[in-house]
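Report on one structure; see the data block that follows.
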Amino acid sequence: MSLKYHHNFTLPAGILFLLLIAGGIHSQNLVKGPYILYPGVNTRMQILWQTDGGGTDTVMWGTDPTCSQGKIGSPKCTIDHLHKYTIKGLVPGTKYYYQVVIGGNAFTGTFRTAPPEGQESLKFYALGDIRTDAVAHNRVATQVNEAWLQDPESQTFVLSVGDLVTDGDQENYWKSEFFSLLFPSMREMHANMPFLSARGNHESSAKLFAKYFPYPFAGKYYWSFDYGPAHFTVIDQFTYYYPGSEQYEWIRSDLAGNDKPWKFVCLHEPGWSAGGGHENNVDVQHFIEPLCEQYNVAILFAGHNHYYARSTVTGSNGLVLQHITTGGGGAPLHTPDPSMQNVVAVSRNYQFCKITIVNDSLLQFEAISEEGEVLDQFTIER
């Protein structure tokens, strides 16, 4: 992907973002973003950004870089100038370009709408615990960007297991870590890939988390979404989820009521991991694992421990559930213990995961380091 800068040069998107913030084009009015969120409908995409209150904002979009198919001026915003605009009427499975124009400066990105109904294949990414070290997270984001640029079909979304900033109740951490204007690869990833996240413990009360990520929550901060042949159940572990609780009953109903061929669960604290940072969460073992077995979940994604680990758990019905700990997005690394129960692979690296659904019966998984090395891989055949 490349974007034109004036009329004499063609620059990669990441370099363009760097120029925007380093003086090539002044962006004094931009505070955060732009970034995109998938609103759960394959004909829509939401664009968000925050300014300091100055300038006139315009959103333009289309299926080519001219962004000539749609335009909206001065969309509504919050009192602190967080702008949100949902583009509607898009064609499923289609690449779009967009621009957010702030005071005459254009900030650009692209996205692919979710697949049409009936599509059997899907590729997506997963990572977590990106807080604290934005330099490390920027290196991980560089690899994610290279992956989807080399494989355009994988420009779908990033699934996150939480812990986006050091203290989610403090605005300065959102500005200096997740939304920092100083890291072009992070900004490029957020501008071109919807970021769909569970709540981590470092999101604290989650008020600012919900402000910047207004997902279609079913209650408190748990929610779910369909994407092509897959269904994703996102659990809030800091709201009760024991049997009989509101969230537990929602989780059971959500999994039971969905007939997608591939189901995934996303939460923050793992039921089975490799120690070295935090203990296994027994509530996941006792409450969530049985539901995953009953409703044929393929992979449970978690973080909290800052490394990569994979644990395989065979249920009473013979179903093997892969528990993935992908907590190497930028937080200080822990040292995994490969001797922990059910653990089959570990790596003390900053990393992310790429998941490829080939069809209704085949899934391929890779864990990839910040240097692009494959740390672990497996397939699920049904």
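In the structure tokens, the first chain shown is A, the next is B, and so on; residue numbers restart at 1 for each chain, and ligands run from 1 in the order shown.
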Distance table requested - stretch 160-247 of chain A against stretch 94-114 of chain A, cut-off 10 Å, only C-alpha atoms: one row per qualifying residue with the closest atom pair and its distance in Å to one decimal, ordered by chain and rising residue number, as JSON lines.
```
{"residue": "A:Arg187", "atom": "CA", "partner": "A:Gly109", "partner_atom": "CA", "distance": 9.8}
{"residue": "A:Glu188", "atom": "CA", "partner": "A:Gly109", "partner_atom": "CA", "distance": 7.6}
{"residue": "A:Met189", "atom": "CA", "partner": "A:Gly109", "partner_atom": "CA", "distance": 9.3}
{"residue": "A:His190", "atom": "CA", "partner": "A:Gly109", "partner_atom": "CA", "distance": 9.1}
{"residue": "A:Ala191", "atom": "CA", "partner": "A:Gly109", "partner_atom": "CA", "distance": 5.4}
{"residue": "A:Asn192", "atom": "CA", "partner": "A:Thr110", "partner_atom": "CA", "distance": 5.0}
{"residue": "A:Met193", "atom": "CA", "partner": "A:Phe111", "partner_atom": "CA", "distance": 6.4}
{"residue": "A:Pro194", "atom": "CA", "partner": "A:Phe111", "partner_atom": "CA", "distance": 8.0}
{"residue": "A:Asp226", "atom": "CA", "partner": "A:Ala114", "partner_atom": "CA", "distance": 9.1}
{"residue": "A:Tyr227", "atom": "CA", "partner": "A:Ala114", "partner_atom": "CA", "distance": 6.1}
{"residue": "A:Gly228", "atom": "CA", "partner": "A:Ala114", "partner_atom": "CA", "distance": 6.6}
```
List every residue of stretch 45-130 of chain A that has an atom at most 6 Å from any atom of stretch 159-168 of chain A, and for each one report the closest atom pair and its distance in Å to one decimal, counting only C-alpha atoms, with rows sorted by chain and then by increasing residue number, as CSV.
```
residue,atom,partner,partner_atom,distance
A:Ala126,CA,A:Leu159,CA,4.5
A:Leu127,CA,A:Ser160,CA,5.2
A:Gly128,CA,A:Val161,CA,4.8
A:Asp129,CA,A:Asp163,CA,4.7
A:Ile130,CA,A:Leu164,CA,5.3
```
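Taking only stretch 73-156 of chain A, the residues that DSSP calls strand (DSSP E) from the backbone come to Gly73, Leu82, His83, Lys84, Tyr85, Thr86, Ile87, Lys95, Tyr96, Tyr97, Tyr98, Gln99, Val100, Val101, Ile102, Asn105, Ala106, Phe107, Thr108, Gly109, Thr110, Phe111, Arg112, Leu122, Lys123, Phe124, Tyr125, Ala126 and Leu127 of chain A.
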Residues from last step as file, C-alpha atoms, as a PDB file, in the first residue's frame:
```pdb
ATOM      1  CA  GLY A  73     -18.486  17.144   7.165  1.00  0.00           C
ATOM      2  CA  LEU A  82     -13.595  12.507  20.366  1.00  0.00           C
ATOM      3  CA  HIS A  83     -15.178  12.056  16.939  1.00  0.00           C
ATOM      4  CA  LYS A  84     -16.990   8.875  15.863  1.00  0.00           C
ATOM      5  CA  TYR A  85     -18.492   8.250  12.471  1.00  0.00           C
ATOM      6  CA  THR A  86     -19.925   4.964  11.182  1.00  0.00           C
ATOM      7  CA  ILE A  87     -19.836   4.499   7.420  1.00  0.00           C
ATOM      8  CA  LYS A  95     -11.314  -2.862   0.331  1.00  0.00           C
ATOM      9  CA  TYR A  96     -12.008   0.800   1.050  1.00  0.00           C
ATOM     10  CA  TYR A  97      -9.825   3.878   1.384  1.00  0.00           C
ATOM     11  CA  TYR A  98     -10.660   6.741   3.712  1.00  0.00           C
ATOM     12  CA  GLN A  99      -9.420  10.177   4.720  1.00  0.00           C
ATOM     13  CA  VAL A 100      -9.987  12.239   7.831  1.00  0.00           C
ATOM     14  CA  VAL A 101      -9.290  15.875   6.978  1.00  0.00           C
ATOM     15  CA  ILE A 102      -8.524  18.096   9.972  1.00  0.00           C
ATOM     16  CA  ASN A 105      -4.399  18.064   6.777  1.00  0.00           C
ATOM     17  CA  ALA A 106      -5.434  14.628   5.492  1.00  0.00           C
ATOM     18  CA  PHE A 107      -4.908  11.489   7.587  1.00  0.00           C
ATOM     19  CA  THR A 108      -5.485   8.364   5.553  1.00  0.00           C
ATOM     20  CA  GLY A 109      -6.083   4.650   5.948  1.00  0.00           C
ATOM     21  CA  THR A 110      -7.762   1.631   4.425  1.00  0.00           C
ATOM     22  CA  PHE A 111      -9.924  -1.259   5.594  1.00  0.00           C
ATOM     23  CA  ARG A 112     -11.676  -4.352   4.329  1.00  0.00           C
ATOM     24  CA  LEU A 122     -10.927 -16.098   7.169  1.00  0.00           C
ATOM     25  CA  LYS A 123      -7.592 -14.748   8.406  1.00  0.00           C
ATOM     26  CA  PHE A 124      -7.122 -12.603  11.505  1.00  0.00           C
ATOM     27  CA  TYR A 125      -4.516 -11.622  14.108  1.00  0.00           C
ATOM     28  CA  ALA A 126      -4.386 -11.866  17.903  1.00  0.00           C
ATOM     29  CA  LEU A 127      -2.132 -10.228  20.494  1.00  0.00           C
TER      30      LEU A 127
END
```
- Task: Apply DSSP to the structure's backbone, then extract all residues of stretch 163-374 of chain A labelled helix (DSSP H, G or I) and return them as a PyMOL selection string.
- Result: chain A and resi 171-178+184-192+201-203+207-212+246-256+282-294
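Atom pair atom CA of A:Pro184 / atom CA of A:Val31: separated by 14.1 Å.
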- How many Å lie between atom CA of A:Ser339 and atom CA of A:Thr325, rounded to one decimal? 15.2 Å
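The residue that comes closest to A:Gly40, out of A:Ala309, A:Val344, A:Ile251, A:Leu196 and on the basis of only C-alpha atoms, is A:Leu196.
If only C-alpha atoms are the atoms counted, then among A:Pro115, A:Pro75, A:Gly318, A:Gly70 the closest residue to A:Gln50 is A:Pro75.
Between atom CA of A:Glu203 and atom CA of A:Asp169 lies a distance of 6.8 Å.
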Please tabulate, as CSV, the residues of stretch 102-137 of chain A that come within 10 Å of stretch 172-180 of chain A, each with its closest pair of atoms and the distance in Å to one decimal, counting only C-alpha atoms and ordering rows by chain, then residue number upward.
```
residue,atom,partner,partner_atom,distance
A:Ile130,CA,A:Phe178,CA,7.9
A:Arg131,CA,A:Glu177,CA,6.8
A:Thr132,CA,A:Glu177,CA,6.7
A:Asp133,CA,A:Glu177,CA,7.5
A:Ala134,CA,A:Glu177,CA,5.6
A:Val135,CA,A:Glu177,CA,9.2
A:His137,CA,A:Phe178,CA,9.0
```
Once you have the residues from the selection above, write them out as a PDB file, in the first residue's frame, restricted to C-alpha atoms.
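Saved result, again_37.pdb, follows:
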```pdb
ATOM      1  CA  ILE A 130       0.691  -4.120  24.823  1.00  0.00           C
ATOM      2  CA  ARG A 131       0.951  -1.686  27.744  1.00  0.00           C
ATOM      3  CA  THR A 132       4.033   0.085  29.106  1.00  0.00           C
ATOM      4  CA  ASP A 133       6.652  -0.307  26.360  1.00  0.00           C
ATOM      5  CA  ALA A 134       5.375   1.453  23.260  1.00  0.00           C
ATOM      6  CA  VAL A 135       8.739   0.909  21.549  1.00  0.00           C
ATOM      7  CA  HIS A 137       4.706  -2.706  20.775  1.00  0.00           C
TER       8      HIS A 137
END
```
- Message: For a quick check of understanding, using only C-alpha atoms, which of A:Ile288, A:Ala198, A:Val91, A:Leu48 has the smallest distance to A:Trp223?
- Response: A:Ala198
